[in-house]
$ cat structure-v2.cif   # mmCIF, C-alpha atoms
data_run
loop_
_atom_site.label_atom_id
_atom_site.label_comp_id
_atom_site.auth_asym_id
_atom_site.auth_seq_id
_atom_site.Cartn_x
_atom_site.Cartn_y
_atom_site.Cartn_z
CA MET K 1 0.00 0.00 0.00
CA THR K 2 1.01 3.57 -0.42
CA SER K 3 1.26 6.34 2.13
CA GLN K 4 -0.20 9.83 1.94
CA ASN K 5 1.89 12.80 0.80
CA GLY K 6 2.85 14.67 3.93
CA LYS K 7 0.57 17.49 5.01
CA MET K 8 -1.26 17.65 1.73
CA GLY K 9 -3.75 14.90 2.44
CA GLY K 10 -3.80 13.50 -1.06
CA ARG K 11 -1.65 10.81 -2.53
CA LEU K 12 0.90 11.22 -5.32
CA LEU K 13 1.77 8.12 -7.33
CA ALA K 14 4.32 8.02 -10.12
CA ILE K 15 4.54 5.88 -13.22
CA GLU K 16 7.91 5.97 -14.93
CA GLY K 17 8.99 4.68 -18.31
CA SER K 18 9.82 5.58 -21.86
CA GLY K 19 6.28 6.78 -22.53
CA GLY K 20 3.64 6.06 -25.11
CA ARG K 21 0.84 3.54 -25.07
CA SER K 22 2.32 1.24 -22.41
CA MET K 23 2.52 4.15 -19.93
CA THR K 24 -1.04 5.21 -20.72
CA VAL K 25 -2.27 1.64 -20.26
CA ALA K 26 -0.41 1.31 -16.95
CA ALA K 27 -1.80 4.63 -15.68
CA LYS K 28 -5.36 3.70 -16.67
CA ARG K 29 -5.00 0.27 -15.05
CA LEU K 30 -3.85 1.94 -11.85
CA VAL K 31 -6.87 4.27 -11.95
CA ARG K 32 -9.10 1.21 -12.36
CA ASP K 33 -7.42 -0.69 -9.51
CA LEU K 34 -7.77 2.33 -7.22
CA LYS K 35 -11.42 2.68 -8.14
CA ARG K 36 -11.98 -0.84 -6.86
CA GLU K 37 -10.74 0.49 -3.50
CA ASN K 38 -13.19 3.42 -3.86
CA VAL K 39 -10.36 5.87 -4.58
CA GLU K 40 -10.85 8.34 -7.43
CA ALA K 41 -7.56 9.20 -9.15
CA GLY K 42 -6.54 11.57 -11.94
CA ILE K 43 -3.65 11.24 -14.38
CA CYS K 44 -1.14 14.05 -14.92
CA SER K 45 0.98 13.63 -18.06
CA TRP K 46 4.18 15.33 -19.22
CA ASP K 47 4.23 18.51 -21.31
CA ALA K 48 1.10 19.99 -19.76
CA SER K 49 2.72 23.39 -20.35
CA ALA K 50 3.25 22.53 -24.05
CA ILE K 51 6.96 23.46 -23.93
CA PHE K 52 8.01 20.37 -25.87
CA PHE K 53 5.11 20.63 -28.30
CA GLN K 54 6.15 24.22 -29.04
CA ILE K 55 9.79 23.19 -29.58
CA LEU K 56 8.76 20.35 -31.91
CA ASN K 57 6.70 22.80 -33.93
CA GLY K 58 9.10 25.72 -33.61
CA VAL K 59 12.20 26.92 -35.42
CA ARG K 60 13.93 24.23 -37.47
CA GLY K 61 17.59 23.78 -38.21
CA ILE K 62 18.96 25.13 -34.93
CA PRO K 63 21.52 23.17 -32.85
CA ALA K 64 20.00 20.51 -30.60
CA PRO K 65 19.83 21.17 -26.87
CA SER K 66 22.08 19.11 -24.60
CA PRO K 67 20.70 16.67 -21.98
CA ARG K 68 21.26 19.34 -19.31
CA THR K 69 19.15 21.86 -21.24
CA LEU K 70 16.45 19.26 -21.89
CA ILE K 71 16.31 18.44 -18.19
CA LEU K 72 15.91 22.12 -17.26
CA LEU K 73 13.02 22.33 -19.74
CA TYR K 74 11.46 19.23 -18.19
CA ALA K 75 11.89 20.82 -14.76
CA SER K 76 10.02 23.91 -15.94
CA ASP K 77 7.19 21.75 -17.29
CA LEU K 78 7.10 19.80 -14.02
CA ALA K 79 6.91 23.05 -12.03
CA PHE K 80 3.90 23.96 -14.19
CA ARG K 81 2.28 20.55 -13.64
CA LEU K 82 2.82 20.81 -9.90
CA ARG K 83 1.35 24.31 -9.70
CA TRP K 84 -1.72 23.76 -11.82
CA GLN K 85 -2.50 20.06 -11.57
CA ILE K 86 -0.70 18.04 -8.92
CA LEU K 87 -0.52 20.24 -5.81
CA PRO K 88 -4.08 21.62 -6.03
CA ALA K 89 -5.42 18.05 -6.30
CA LEU K 90 -3.27 16.81 -3.43
CA GLU K 91 -4.39 19.73 -1.27
CA GLU K 92 -7.98 18.67 -1.89
CA GLY K 93 -7.09 15.19 -0.69
CA GLN K 94 -7.22 13.56 -4.11
CA THR K 95 -4.96 10.91 -5.62
CA VAL K 96 -2.79 11.95 -8.55
CA ILE K 97 -0.92 9.63 -10.88
CA ALA K 98 2.00 11.50 -12.45
CA ALA K 99 3.14 9.71 -15.59
CA PRO K 100 6.04 10.36 -15.85
CA TYR K 101 7.35 12.13 -12.76
CA LEU K 102 10.92 12.26 -11.40
CA GLU K 103 12.63 8.94 -12.04
CA SER K 104 12.22 9.07 -15.82
CA VAL K 105 14.06 12.38 -16.05
CA ILE K 106 16.65 11.27 -13.49
CA GLY K 107 17.17 8.04 -15.46
CA PHE K 108 17.67 10.02 -18.65
CA GLY K 109 20.11 12.39 -16.95
CA ARG K 110 22.09 9.56 -15.35
CA ALA K 111 22.26 7.70 -18.66
CA ALA K 112 23.59 10.87 -20.31
CA GLY K 113 26.34 11.08 -17.70
CA LEU K 114 24.96 13.86 -15.49
CA PRO K 115 25.66 13.80 -11.75
CA ARG K 116 22.94 12.29 -9.54
CA LEU K 117 23.40 15.10 -7.00
CA TRP K 118 22.74 17.81 -9.58
CA LEU K 119 19.57 16.06 -10.70
CA LYS K 120 18.43 15.65 -7.11
CA ASN K 121 19.11 19.30 -6.32
CA VAL K 122 17.38 20.71 -9.38
CA PHE K 123 14.21 18.73 -8.63
CA GLN K 124 14.17 19.47 -4.91
CA PHE K 125 11.00 21.54 -5.46
CA ALA K 126 9.04 18.39 -6.34
CA PRO K 127 7.50 16.39 -3.48
CA ALA K 128 8.44 12.72 -3.30
CA PRO K 129 5.73 10.37 -4.52
CA SER K 130 4.16 7.83 -2.18
CA ALA K 131 4.83 5.01 -4.61
CA VAL K 132 6.54 4.52 -7.97
CA TRP K 133 5.86 2.01 -10.73
CA ARG K 134 8.05 1.44 -13.75
CA VAL K 135 6.79 0.36 -17.13
CA PRO K 136 9.37 -1.90 -18.79
CA GLU K 137 9.90 -1.55 -22.52
CA ARG K 138 8.63 -4.83 -23.89
CA SER K 139 10.25 -6.38 -26.97
CA ALA K 140 6.97 -6.08 -28.90
CA ALA K 141 6.99 -2.31 -28.33
CA VAL K 142 10.59 -1.76 -29.46
CA SER K 143 9.73 -2.13 -33.14
CA ARG K 144 7.14 0.64 -32.94
CA ARG K 145 8.55 3.06 -30.45
CA THR K 146 6.67 6.10 -29.26
CA ALA K 147 6.75 9.27 -31.36
CA PRO K 148 8.86 12.14 -29.97
CA ALA K 149 5.71 14.12 -29.21
CA GLU K 150 4.47 11.44 -26.82
CA SER K 151 7.39 10.90 -24.48
CA PHE K 152 10.15 12.88 -22.81
CA LEU K 153 12.69 10.13 -23.52
CA GLU K 154 11.82 9.82 -27.20
CA PHE K 155 11.65 13.60 -27.57
CA SER K 156 15.08 13.98 -25.99
CA LEU K 157 16.70 11.20 -27.99
CA SER K 158 15.31 12.59 -31.24
CA GLN K 159 16.73 16.01 -30.30
CA LEU K 160 20.15 14.57 -29.45
CA ARG K 161 20.27 12.77 -32.79
CA GLY K 162 19.93 16.20 -34.45
CA GLY K 163 23.51 17.23 -33.58
CA PRO K 164 25.90 18.99 -33.68
CA ALA K 165 27.04 17.14 -30.54
CA SER K 166 27.52 13.42 -30.86
CA TRP K 167 25.48 11.13 -28.56
CA ASP K 168 24.95 7.40 -28.57
CA THR K 169 21.19 7.56 -28.09
CA GLU K 170 20.70 3.79 -27.93
CA GLU K 171 23.16 3.63 -25.07
CA ILE K 172 21.24 6.41 -23.30
CA ARG K 173 18.04 4.42 -23.83
CA ARG K 174 19.66 1.34 -22.28
CA GLY K 175 20.99 3.42 -19.39
CA PHE K 176 17.51 4.86 -18.85
CA HIS K 177 15.93 1.40 -18.52
CA TYR K 178 18.85 0.20 -16.42
CA HIS K 179 18.15 3.03 -13.94
CA LEU K 180 14.50 1.98 -13.58
CA GLU K 181 15.46 -1.70 -13.31
CA GLN K 182 17.91 -0.86 -10.54
CA LEU K 183 15.21 1.05 -8.66
CA ALA K 184 13.00 -2.03 -8.87
CA ALA K 185 15.87 -4.30 -7.85
CA HIS K 186 16.43 -2.17 -4.74
CA GLY K 187 12.75 -2.10 -3.84
CA LYS K 188 12.36 1.59 -4.68
CA CYS K 189 9.72 1.00 -7.31
CA LYS K 190 7.34 -1.71 -8.41
CA THR K 191 6.84 -3.00 -11.89
CA ALA K 192 3.58 -2.01 -13.58
CA GLY K 193 0.92 -4.66 -13.09
CA GLU K 194 1.58 -5.01 -9.37
CA THR K 195 -1.27 -3.84 -7.14
CA PRO K 196 -1.08 -0.44 -5.41
CA MET D 197 28.43 0.69 -17.39
CA PRO D 198 29.88 2.93 -20.11
CA LEU D 199 27.72 6.01 -20.47
CA THR D 200 28.18 7.29 -23.98
CA HIS D 201 29.99 6.12 -27.03
CA HIS D 202 31.97 9.28 -27.66
CA ARG D 203 33.00 10.17 -24.15
CA VAL D 204 36.70 10.61 -23.94
CA ALA D 205 38.80 9.97 -20.87
CA GLY D 206 38.72 12.87 -18.43
CA LYS D 207 42.48 13.27 -18.36
CA ARG D 208 42.70 13.72 -22.10
CA LEU D 209 39.88 16.26 -22.07
CA SER D 210 41.48 18.11 -19.22
CA ASP D 211 44.78 18.30 -21.14
CA LEU D 212 42.95 19.50 -24.22
CA VAL D 213 41.24 22.30 -22.31
CA ARG D 214 44.52 23.31 -20.66
CA GLN D 215 46.27 23.43 -24.04
CA ARG D 216 43.52 25.70 -25.37
CA GLU D 217 43.95 28.19 -22.54
CA SER D 218 46.38 30.53 -24.30
CA LYS D 219 44.29 30.60 -27.52
CA ARG D 220 40.84 30.93 -26.06
CA GLY D 221 38.82 34.13 -26.19
CA LEU D 222 37.75 36.26 -23.24
CA LEU D 223 34.24 36.47 -21.87
CA ILE D 224 33.15 39.89 -20.66
CA ALA D 225 29.78 40.32 -18.98
CA PHE D 226 27.82 43.54 -18.69
CA GLU D 227 25.50 43.39 -15.70
CA GLY D 228 23.20 45.81 -13.96
CA PRO D 229 19.58 46.72 -13.42
CA ASP D 230 17.32 47.98 -16.20
CA GLY D 231 18.07 51.58 -17.05
CA SER D 232 21.71 51.38 -15.95
CA GLY D 233 22.94 52.07 -19.48
CA LYS D 234 24.80 48.78 -19.92
CA THR D 235 23.50 48.19 -23.44
CA THR D 236 24.82 51.61 -24.55
CA GLN D 237 28.19 50.79 -22.98
CA ARG D 238 28.20 47.31 -24.46
CA LYS D 239 27.70 48.71 -27.97
CA LEU D 240 30.44 51.33 -27.52
CA PHE D 241 32.80 48.73 -26.10
CA LYS D 242 32.10 46.30 -28.92
CA GLY D 243 32.81 48.99 -31.52
CA TRP D 244 36.07 49.85 -29.81
CA LEU D 245 37.14 46.20 -29.49
CA LYS D 246 36.49 45.66 -33.21
CA SER D 247 38.53 48.74 -34.05
CA GLU D 248 41.35 47.18 -32.02
CA GLY D 249 41.19 44.06 -34.18
CA HIS D 250 39.22 41.73 -31.89
CA ASP D 251 36.79 39.21 -33.36
CA VAL D 252 33.74 39.94 -31.21
CA VAL D 253 30.51 38.01 -30.61
CA THR D 254 27.60 39.36 -28.56
CA THR D 255 25.15 37.22 -26.62
CA LYS D 256 22.04 38.66 -25.04
CA TRP D 257 19.90 37.46 -22.16
CA ASN D 258 16.97 35.23 -23.07
CA SER D 259 17.74 35.36 -26.78
CA SER D 260 18.06 31.75 -27.95
CA GLU D 261 15.87 30.59 -30.79
CA LEU D 262 15.03 27.52 -28.72
CA VAL D 263 13.73 29.13 -25.53
CA LYS D 264 12.93 32.76 -26.31
CA PRO D 265 9.60 31.95 -28.05
CA LEU D 266 8.56 29.83 -25.04
CA VAL D 267 9.24 32.64 -22.58
CA LYS D 268 7.62 35.23 -24.82
CA ALA D 269 4.36 33.27 -25.11
CA ARG D 270 4.18 32.63 -21.38
CA LYS D 271 5.00 36.24 -20.53
CA ARG D 272 2.19 37.36 -22.77
CA ALA D 273 -0.19 35.02 -20.96
CA ARG D 274 1.26 36.10 -17.55
CA SER D 275 1.37 32.41 -16.69
CA LEU D 276 4.90 32.06 -15.29
CA SER D 277 5.63 31.25 -11.68
CA PRO D 278 9.06 32.33 -10.34
CA GLU D 279 10.28 28.69 -10.57
CA GLU D 280 9.12 28.21 -14.17
CA PHE D 281 10.53 31.59 -15.16
CA CYS D 282 13.86 30.71 -13.55
CA LEU D 283 14.05 27.24 -15.12
CA LEU D 284 13.23 28.53 -18.60
CA HIS D 285 15.90 31.22 -18.29
CA SER D 286 18.40 28.64 -17.07
CA ALA D 287 17.61 26.45 -20.10
CA ASP D 288 18.11 29.46 -22.36
CA PHE D 289 21.40 30.25 -20.62
CA ARG D 290 22.70 26.66 -20.87
CA TYR D 291 21.68 26.46 -24.51
CA ARG D 292 23.45 29.72 -25.40
CA LEU D 293 26.48 28.72 -23.36
CA GLU D 294 26.80 25.45 -25.28
CA THR D 295 25.86 26.67 -28.74
CA GLU D 296 27.14 30.28 -28.84
CA ILE D 297 29.48 31.20 -26.00
CA LEU D 298 31.73 28.16 -25.65
CA PRO D 299 32.18 27.60 -29.42
CA ALA D 300 33.15 31.28 -29.80
CA LEU D 301 35.57 31.24 -26.85
CA TRP D 302 37.08 27.98 -28.09
CA ALA D 303 37.64 29.61 -31.50
CA GLY D 304 39.48 32.50 -29.84
CA LYS D 305 36.72 35.10 -30.18
CA THR D 306 35.89 37.71 -27.56
CA VAL D 307 32.38 37.25 -26.22
CA ILE D 308 30.42 40.14 -24.76
CA ALA D 309 27.41 39.08 -22.73
CA ASP D 310 24.65 41.66 -22.34
CA ARG D 311 23.52 40.22 -19.00
CA PHE D 312 24.86 36.92 -17.73
CA LEU D 313 23.80 34.44 -15.08
CA PHE D 314 24.06 37.12 -12.36
CA THR D 315 20.92 38.67 -13.86
CA ALA D 316 19.12 35.43 -13.03
CA LEU D 317 20.61 35.22 -9.57
CA ALA D 318 19.63 38.83 -8.74
CA ARG D 319 16.14 38.77 -10.26
CA ASP D 320 15.19 35.27 -9.12
CA ALA D 321 16.47 35.88 -5.60
CA ALA D 322 14.45 39.12 -5.62
CA ARG D 323 11.45 36.95 -6.57
CA GLY D 324 12.05 34.98 -3.38
CA LEU D 325 13.87 31.93 -4.73
CA ASP D 326 16.65 30.40 -2.68
CA LEU D 327 20.13 31.42 -3.87
CA SER D 328 21.65 28.00 -3.20
CA TRP D 329 18.99 26.34 -5.40
CA LEU D 330 19.62 28.94 -8.11
CA LEU D 331 23.32 28.13 -8.07
CA GLU D 332 22.45 24.44 -8.47
CA VAL D 333 20.16 25.15 -11.40
CA TYR D 334 22.99 27.02 -13.17
CA TYR D 335 25.59 24.36 -12.32
CA PRO D 336 28.24 23.92 -13.67
CA LEU D 337 28.72 27.65 -13.24
CA PHE D 338 30.72 29.46 -15.86
CA TRP D 339 32.43 32.65 -14.71
CA PRO D 340 33.26 35.48 -17.10
CA ASP D 341 36.82 36.83 -17.21
CA ILE D 342 35.47 40.28 -16.33
CA VAL D 343 32.08 41.36 -15.02
CA PHE D 344 31.31 45.07 -15.40
CA TYR D 345 28.51 45.95 -13.01
CA PHE D 346 26.67 49.17 -13.83
CA SER D 347 25.54 50.58 -10.53
CA VAL D 348 22.57 52.93 -10.31
CA SER D 349 20.09 53.80 -7.60
CA PRO D 350 16.53 52.45 -7.80
CA GLU D 351 15.37 56.03 -8.38
CA THR D 352 17.65 56.57 -11.39
CA SER D 353 16.70 53.19 -12.84
CA GLY D 354 13.00 54.01 -12.42
CA LYS D 355 13.39 57.51 -13.94
CA ARG D 356 15.29 56.23 -16.97
CA ILE D 357 12.83 53.42 -17.64
CA SER D 358 9.71 55.51 -17.18
CA ALA D 359 11.11 58.21 -19.48
CA GLU D 360 10.90 55.72 -22.35
CA ARG D 361 7.99 53.40 -21.57
CA SER D 362 5.88 51.78 -18.93
CA PRO D 363 7.64 48.71 -17.54
CA SER D 364 6.11 45.39 -18.49
CA TYR D 365 4.38 43.02 -16.05
CA TYR D 366 7.41 40.83 -15.29
CA GLU D 367 9.97 43.64 -15.66
CA SER D 368 8.16 45.55 -12.94
CA GLY D 369 7.90 42.42 -10.79
CA GLN D 370 4.11 42.67 -10.60
CA ASP D 371 4.01 38.87 -10.51
CA VAL D 372 5.53 39.01 -7.01
CA THR D 373 4.67 42.46 -5.66
CA GLN D 374 0.96 42.15 -6.62
CA ILE D 375 0.95 45.96 -7.05
CA ASP D 376 -1.34 47.20 -9.82
CA ASP D 377 0.66 50.28 -10.78
CA PRO D 378 3.62 49.11 -12.91
CA LEU D 379 5.84 52.05 -11.90
CA VAL D 380 5.22 51.68 -8.19
CA SER D 381 5.79 47.95 -8.51
CA TYR D 382 8.95 48.53 -10.54
CA THR D 383 10.44 50.83 -7.89
CA ARG D 384 9.74 48.25 -5.17
CA PHE D 385 11.02 45.31 -7.25
CA ILE D 386 14.14 47.00 -8.64
CA SER D 387 15.20 47.98 -5.12
CA ARG D 388 15.23 44.27 -4.22
CA VAL D 389 17.06 43.38 -7.45
CA ILE D 390 19.72 46.05 -6.79
CA ARG D 391 20.18 44.77 -3.23
CA GLU D 392 20.82 41.29 -4.62
CA TYR D 393 23.18 42.68 -7.29
CA GLU D 394 25.18 44.62 -4.69
CA ALA D 395 25.62 41.45 -2.63
CA LEU D 396 26.67 39.47 -5.71
CA ALA D 397 29.08 42.26 -6.72
CA GLN D 398 30.94 41.78 -3.44
CA ILE D 399 30.88 37.98 -3.42
CA PHE D 400 31.96 37.57 -7.04
CA GLN D 401 34.20 40.64 -7.27
CA PHE D 402 32.50 42.50 -10.08
CA VAL D 403 34.14 45.62 -11.46
CA THR D 404 31.65 48.26 -10.40
CA VAL D 405 31.06 51.17 -12.78
CA ASP D 406 29.23 54.23 -11.49
CA ALA D 407 26.47 54.32 -14.09
CA GLU D 408 25.40 57.80 -13.01
CA GLN D 409 28.61 59.19 -14.60
CA SER D 410 28.62 60.50 -18.18
CA ILE D 411 28.49 57.93 -20.98
CA PHE D 412 31.97 58.90 -22.18
CA ASP D 413 33.54 58.67 -18.70
CA GLN D 414 32.10 55.20 -18.23
CA HIS D 415 33.33 54.08 -21.64
CA ARG D 416 36.84 55.41 -20.99
CA LEU D 417 36.92 53.63 -17.62
CA ILE D 418 35.84 50.32 -19.18
CA ARG D 419 38.48 50.55 -21.90
CA GLY D 420 41.16 51.24 -19.30
CA LEU D 421 40.04 48.38 -17.07
CA PHE D 422 39.97 45.99 -20.01
CA GLN D 423 43.45 47.03 -21.15
CA SER D 424 44.91 46.57 -17.70
CA HIS D 425 43.12 43.27 -17.12
CA GLU D 426 45.48 40.46 -16.26
CA ARG D 427 44.54 37.32 -18.15
CA LYS D 428 44.02 34.37 -15.82
CA PRO D 429 43.42 30.69 -16.60
CA TRP D 430 39.89 29.33 -16.41
CA LYS D 431 38.76 28.36 -12.94
CA ASP D 432 38.00 24.69 -12.18
CA GLN D 433 34.26 25.20 -12.62
CA ASN D 434 34.76 26.75 -16.04
CA ARG D 435 36.99 23.87 -17.02
CA SER D 436 34.29 21.39 -15.90
CA ALA D 437 31.71 23.16 -18.06
CA VAL D 438 34.05 23.20 -21.05
CA MET D 439 34.95 19.54 -20.57
CA GLU D 440 31.30 18.56 -20.42
CA TRP D 441 30.63 20.52 -23.61
CA ILE D 442 33.61 19.22 -25.56
CA SER D 443 33.22 15.59 -24.48
CA HIS D 444 30.54 15.14 -27.14
CA ARG D 445 32.33 17.10 -29.87
CA PRO D 446 34.59 14.54 -31.55
CA GLU D 447 35.44 17.00 -34.33
CA LEU D 448 37.00 19.42 -31.80
CA ILE D 449 38.79 16.65 -29.96
CA LYS D 450 40.31 15.34 -33.18
CA ALA D 451 41.25 18.84 -34.35
#
$ encode --input "structure-v2.cif" --output "structure tokens"
Amino acid sequence: MTSQNGKMGGRLLAIEGSGGRSMTVAAKRLVRDLKRENVEAGICSWDASAIFFQILNGVRGIPAPSPRTLILLYASDLAFRLRWQILPALEEGQTVIAAPYLESVIGFGRAAGLPRLWLKNVFQFAPAPSAVWRVPERSAAVSRRTAPAESFLEFSLSQLRGGPASWDTEEIRRGFHYHLEQLAAHGKCKTAGETP
Amino acid sequence: MPLTHHRVAGKRLSDLVRQRESKRGLLIAFEGPDGSGKTTQRKLFKGWLKSEGHDVVTTKWNSSELVKPLVKARKRARSLSPEEFCLLHSADFRYRLETEILPALWAGKTVIADRFLFTALARDAARGLDLSWLLEVYYPLFWPDIVFYFSVSPETSGKRISAERSPSYYESGQDVTQIDDPLVSYTRFISRVIREYEALAQIFQFVTVDAEQSIFDQHRLIRGLFQSHERKPWKDQNRSAVMEWISHRPELIKA
């Protein structure tokens, strides 16, 4: 079972992964499972502030942002999500499922070689979730990966492939999943499908 | 687990950065509150540097093609919280550092920054954000070789700004003061910003220019200070930022 989020009364749950349909399915399944316990929950997705949508549809042909810049943009979007969606709901005692929340961006940053401490410090404004689930990337999904517009990881990898800096994006992807696997291995998150 | 394919051993990168030291360009930041006349001085200084044979690049605050449109849209909608504002500016700063400033310095060009990260530290701290968090957001910090700080009183800043236009919502700090009158809000907010600047000027040893002097006197002072400036190697933090940037630039490493 999960605990409540501090003084706020509500409960913040996080679903982490590379995004797309599998994340949506996992979030909806969690909503359904919670409903069976008579708990109403809402889902809060990434890019609520439309930062990444605007970049995707913005100026073309400019140098790609680095992982550090992408993480700062994610942080800005998360600050927006917290202000308008997550914190107001928690203050009203509701349950919020943030998909993704912190560990996806931390996994991306770690896989790109950024220091854990920096990532932790930048995101210190975000309250810790009561429970975290990871959504593994299944082999069936690899052949039809999520579009950049649907996931922070895919958005970031597509940006990094744009140059001029040189990044091994497949290695970052592996590092990202490794981070989530390690969290699960150390009991810091569950794998989607487990009960809340 | 190896992190990235193109990462090069730290020692080699460190040697590469050290070897570049004598050929690299200088970074000169112009800082100060609105209405302190730094843009006028920056333009005069740039013209003079060019006449002296320097290859000069200018970078302005919140000017990247990546982030500027995002900030502009959100400013128009008045939808930015201090944290979001700060994080978007930090993304703009990092992006410009990695795509404009460092490539120019590496190529031996002189970079003039019309506002640098101290603008963020002063304004965001004046908006109530914690300075230690701000320093984390801008990590790894990159220090200019010289910071010219244009010092004016809140009254002078207010007079100069109001002589030209009414300050905008965020410029006047109405998002934090909650004061309806932009000029009254501006005076309150800029006093806080100047207090933060004055503290930063002491901590980070800015070269303070009395911006209430005549334009020519200020320009002459800046020229003299620049000419007498003793070139020093990059600090460790600058080297870390450069190493992080160059570690994914195989073409520079090979060159």
$ atom_distance --input "structure-v2.cif" --atom1 "atom CA of D:Trp430" --atom2 "atom CA of D:Tyr291"
20.1 Å
$ residues_around --input "structure-v2.cif" --residues "D:Lys271" --least-positions-apart "2" --cutoff "12 Å" --atoms "all atoms listed in the file" --output "VMD selection string"
chain D and resid 264 to 269 273 to 278 280 to 281 284 364 to 367 369 to 371
$ closest_residue --input "structure-v2.cif" --among "K:Phe52, K:Trp133, K:Trp46, K:Phe152" --to "K:Ala79" --atoms "only C-alpha atoms"
K:Trp46
$ residues_around --input "structure-v2.cif" --residues "D:Ala300" --least-positions-apart "5" --cutoff "9 Å" --atoms "all atoms listed in the file" --output "PyMOL selection string"
chain D and resi 220-221+252-253+295+305-307
$ resolve_selection --input "structure-v2.cif" --expression "the PyMOL selection byres ((chain K) within 7 of (chain D))" --output "short mmCIF file (atom, residue, chain, number, x, y, z; two decimals) with C-alpha atoms, in the coordinates of the input"
data_model
loop_
_atom_site.label_atom_id
_atom_site.label_comp_id
_atom_site.auth_asym_id
_atom_site.auth_seq_id
_atom_site.Cartn_x
_atom_site.Cartn_y
_atom_site.Cartn_z
CA ILE K 51 6.96 23.46 -23.93
CA ILE K 55 9.79 23.19 -29.58
CA VAL K 59 12.20 26.92 -35.42
CA PRO K 63 21.52 23.17 -32.85
CA PRO K 65 19.83 21.17 -26.87
CA THR K 69 19.15 21.86 -21.24
CA LEU K 72 15.91 22.12 -17.26
CA LEU K 73 13.02 22.33 -19.74
CA ALA K 75 11.89 20.82 -14.76
CA SER K 76 10.02 23.91 -15.94
CA ALA K 79 6.91 23.05 -12.03
CA PHE K 80 3.90 23.96 -14.19
CA ALA K 111 22.26 7.70 -18.66
CA ALA K 112 23.59 10.87 -20.31
CA GLY K 113 26.34 11.08 -17.70
CA TRP K 118 22.74 17.81 -9.58
CA ASN K 121 19.11 19.30 -6.32
CA VAL K 122 17.38 20.71 -9.38
CA ALA K 165 27.04 17.14 -30.54
CA SER K 166 27.52 13.42 -30.86
CA TRP K 167 25.48 11.13 -28.56
CA ASP K 168 24.95 7.40 -28.57
CA GLU K 171 23.16 3.63 -25.07
#
$ atom_distance --input "structure-v2.cif" --atom1 "atom CA of D:Arg272" --atom2 "atom CA of K:Val105"
28.5 Å
$ residues_near_point --input "structure-v2.cif" --point "(31.9, 46.8, -27.8)" --cutoff "12 Å" --atoms "only C-alpha atoms" --output "VMD selection string"
chain D and resid 224 to 226 234 to 255 306 to 310 415 418 to 419 422
$ atom_distance --input "structure-v2.cif" --atom1 "atom CA of D:Asp326" --atom2 "atom CA of D:Gln433"
20.9 Å
$ resolve_selection --input "structure-v2.cif" --expression "the PyMOL selection byres ((chain K and resi 93-103) around 6)" --output "number ranges by chain"
K: 9-16, 41-45, 89-92, 104-107
$ closest_residue --input "structure-v2.cif" --among "D:Glu360, D:Pro350, D:Arg427, D:Glu394" --to "D:Leu223" --atoms "all atoms listed in the file"
D:Arg427
$ closest_residue --input "structure-v2.cif" --among "D:Thr315, D:Ser347, D:Ser218, D:Ser259" --to "D:Gln414" --atoms "only C-alpha atoms"
D:Ser347
$ resolve_selection --input "structure-v2.cif" --expression "the PyMOL selection byres ((chain K and resi 26) around 10)" --output "list of chain:residue names"
K:Ile15, K:Glu16, K:Arg21, K:Ser22, K:Met23, K:Thr24, K:Val25, K:Ala27, K:Lys28, K:Arg29, K:Leu30, K:Val31, K:Arg32, K:Ala99, K:Trp133, K:Arg134, K:Val135, K:Thr191, K:Ala192, K:Gly193
$ closest_residue --input "structure-v2.cif" --among "D:Gln215, D:Ser362, D:Thr383, D:Ser436" --to "D:Ser349" --atoms "all atoms listed in the file"
D:Thr383
$ closest_residue --input "structure-v2.cif" --among "D:Val389, D:Val348, D:Val372, D:Leu396" --to "D:Glu408" --atoms "all atoms listed in the file"
D:Val348
$ decode --input "structure-v2.cif" --residues "stretch 258-265 of chain D" --atoms "N, CA and C atoms" --output "tab-separated table (two decimals), in the first residue's frame"
chain	number	residue	atom	x	y	z
D	258	ASN	N	18.23	35.78	-22.58
D	258	ASN	CA	16.97	35.23	-23.07
D	258	ASN	C	16.79	35.46	-24.58
D	259	SER	N	17.78	35.05	-25.35
D	259	SER	CA	17.74	35.36	-26.78
D	259	SER	C	17.82	34.12	-27.67
D	260	SER	N	17.87	32.93	-27.09
D	260	SER	CA	18.06	31.75	-27.95
D	260	SER	C	16.80	31.46	-28.75
D	261	GLU	N	17.01	30.94	-29.94
D	261	GLU	CA	15.87	30.59	-30.79
D	261	GLU	C	15.07	29.44	-30.21
D	262	LEU	N	15.72	28.67	-29.32
D	262	LEU	CA	15.03	27.52	-28.72
D	262	LEU	C	14.05	27.97	-27.64
D	263	VAL	N	14.52	28.84	-26.74
D	263	VAL	CA	13.73	29.13	-25.53
D	263	VAL	C	12.99	30.46	-25.58
D	264	LYS	N	13.55	31.43	-26.30
D	264	LYS	CA	12.93	32.76	-26.31
D	264	LYS	C	11.43	32.73	-26.67
D	265	PRO	N	11.05	31.97	-27.72
D	265	PRO	CA	9.60	31.95	-28.05
D	265	PRO	C	8.75	31.37	-26.91
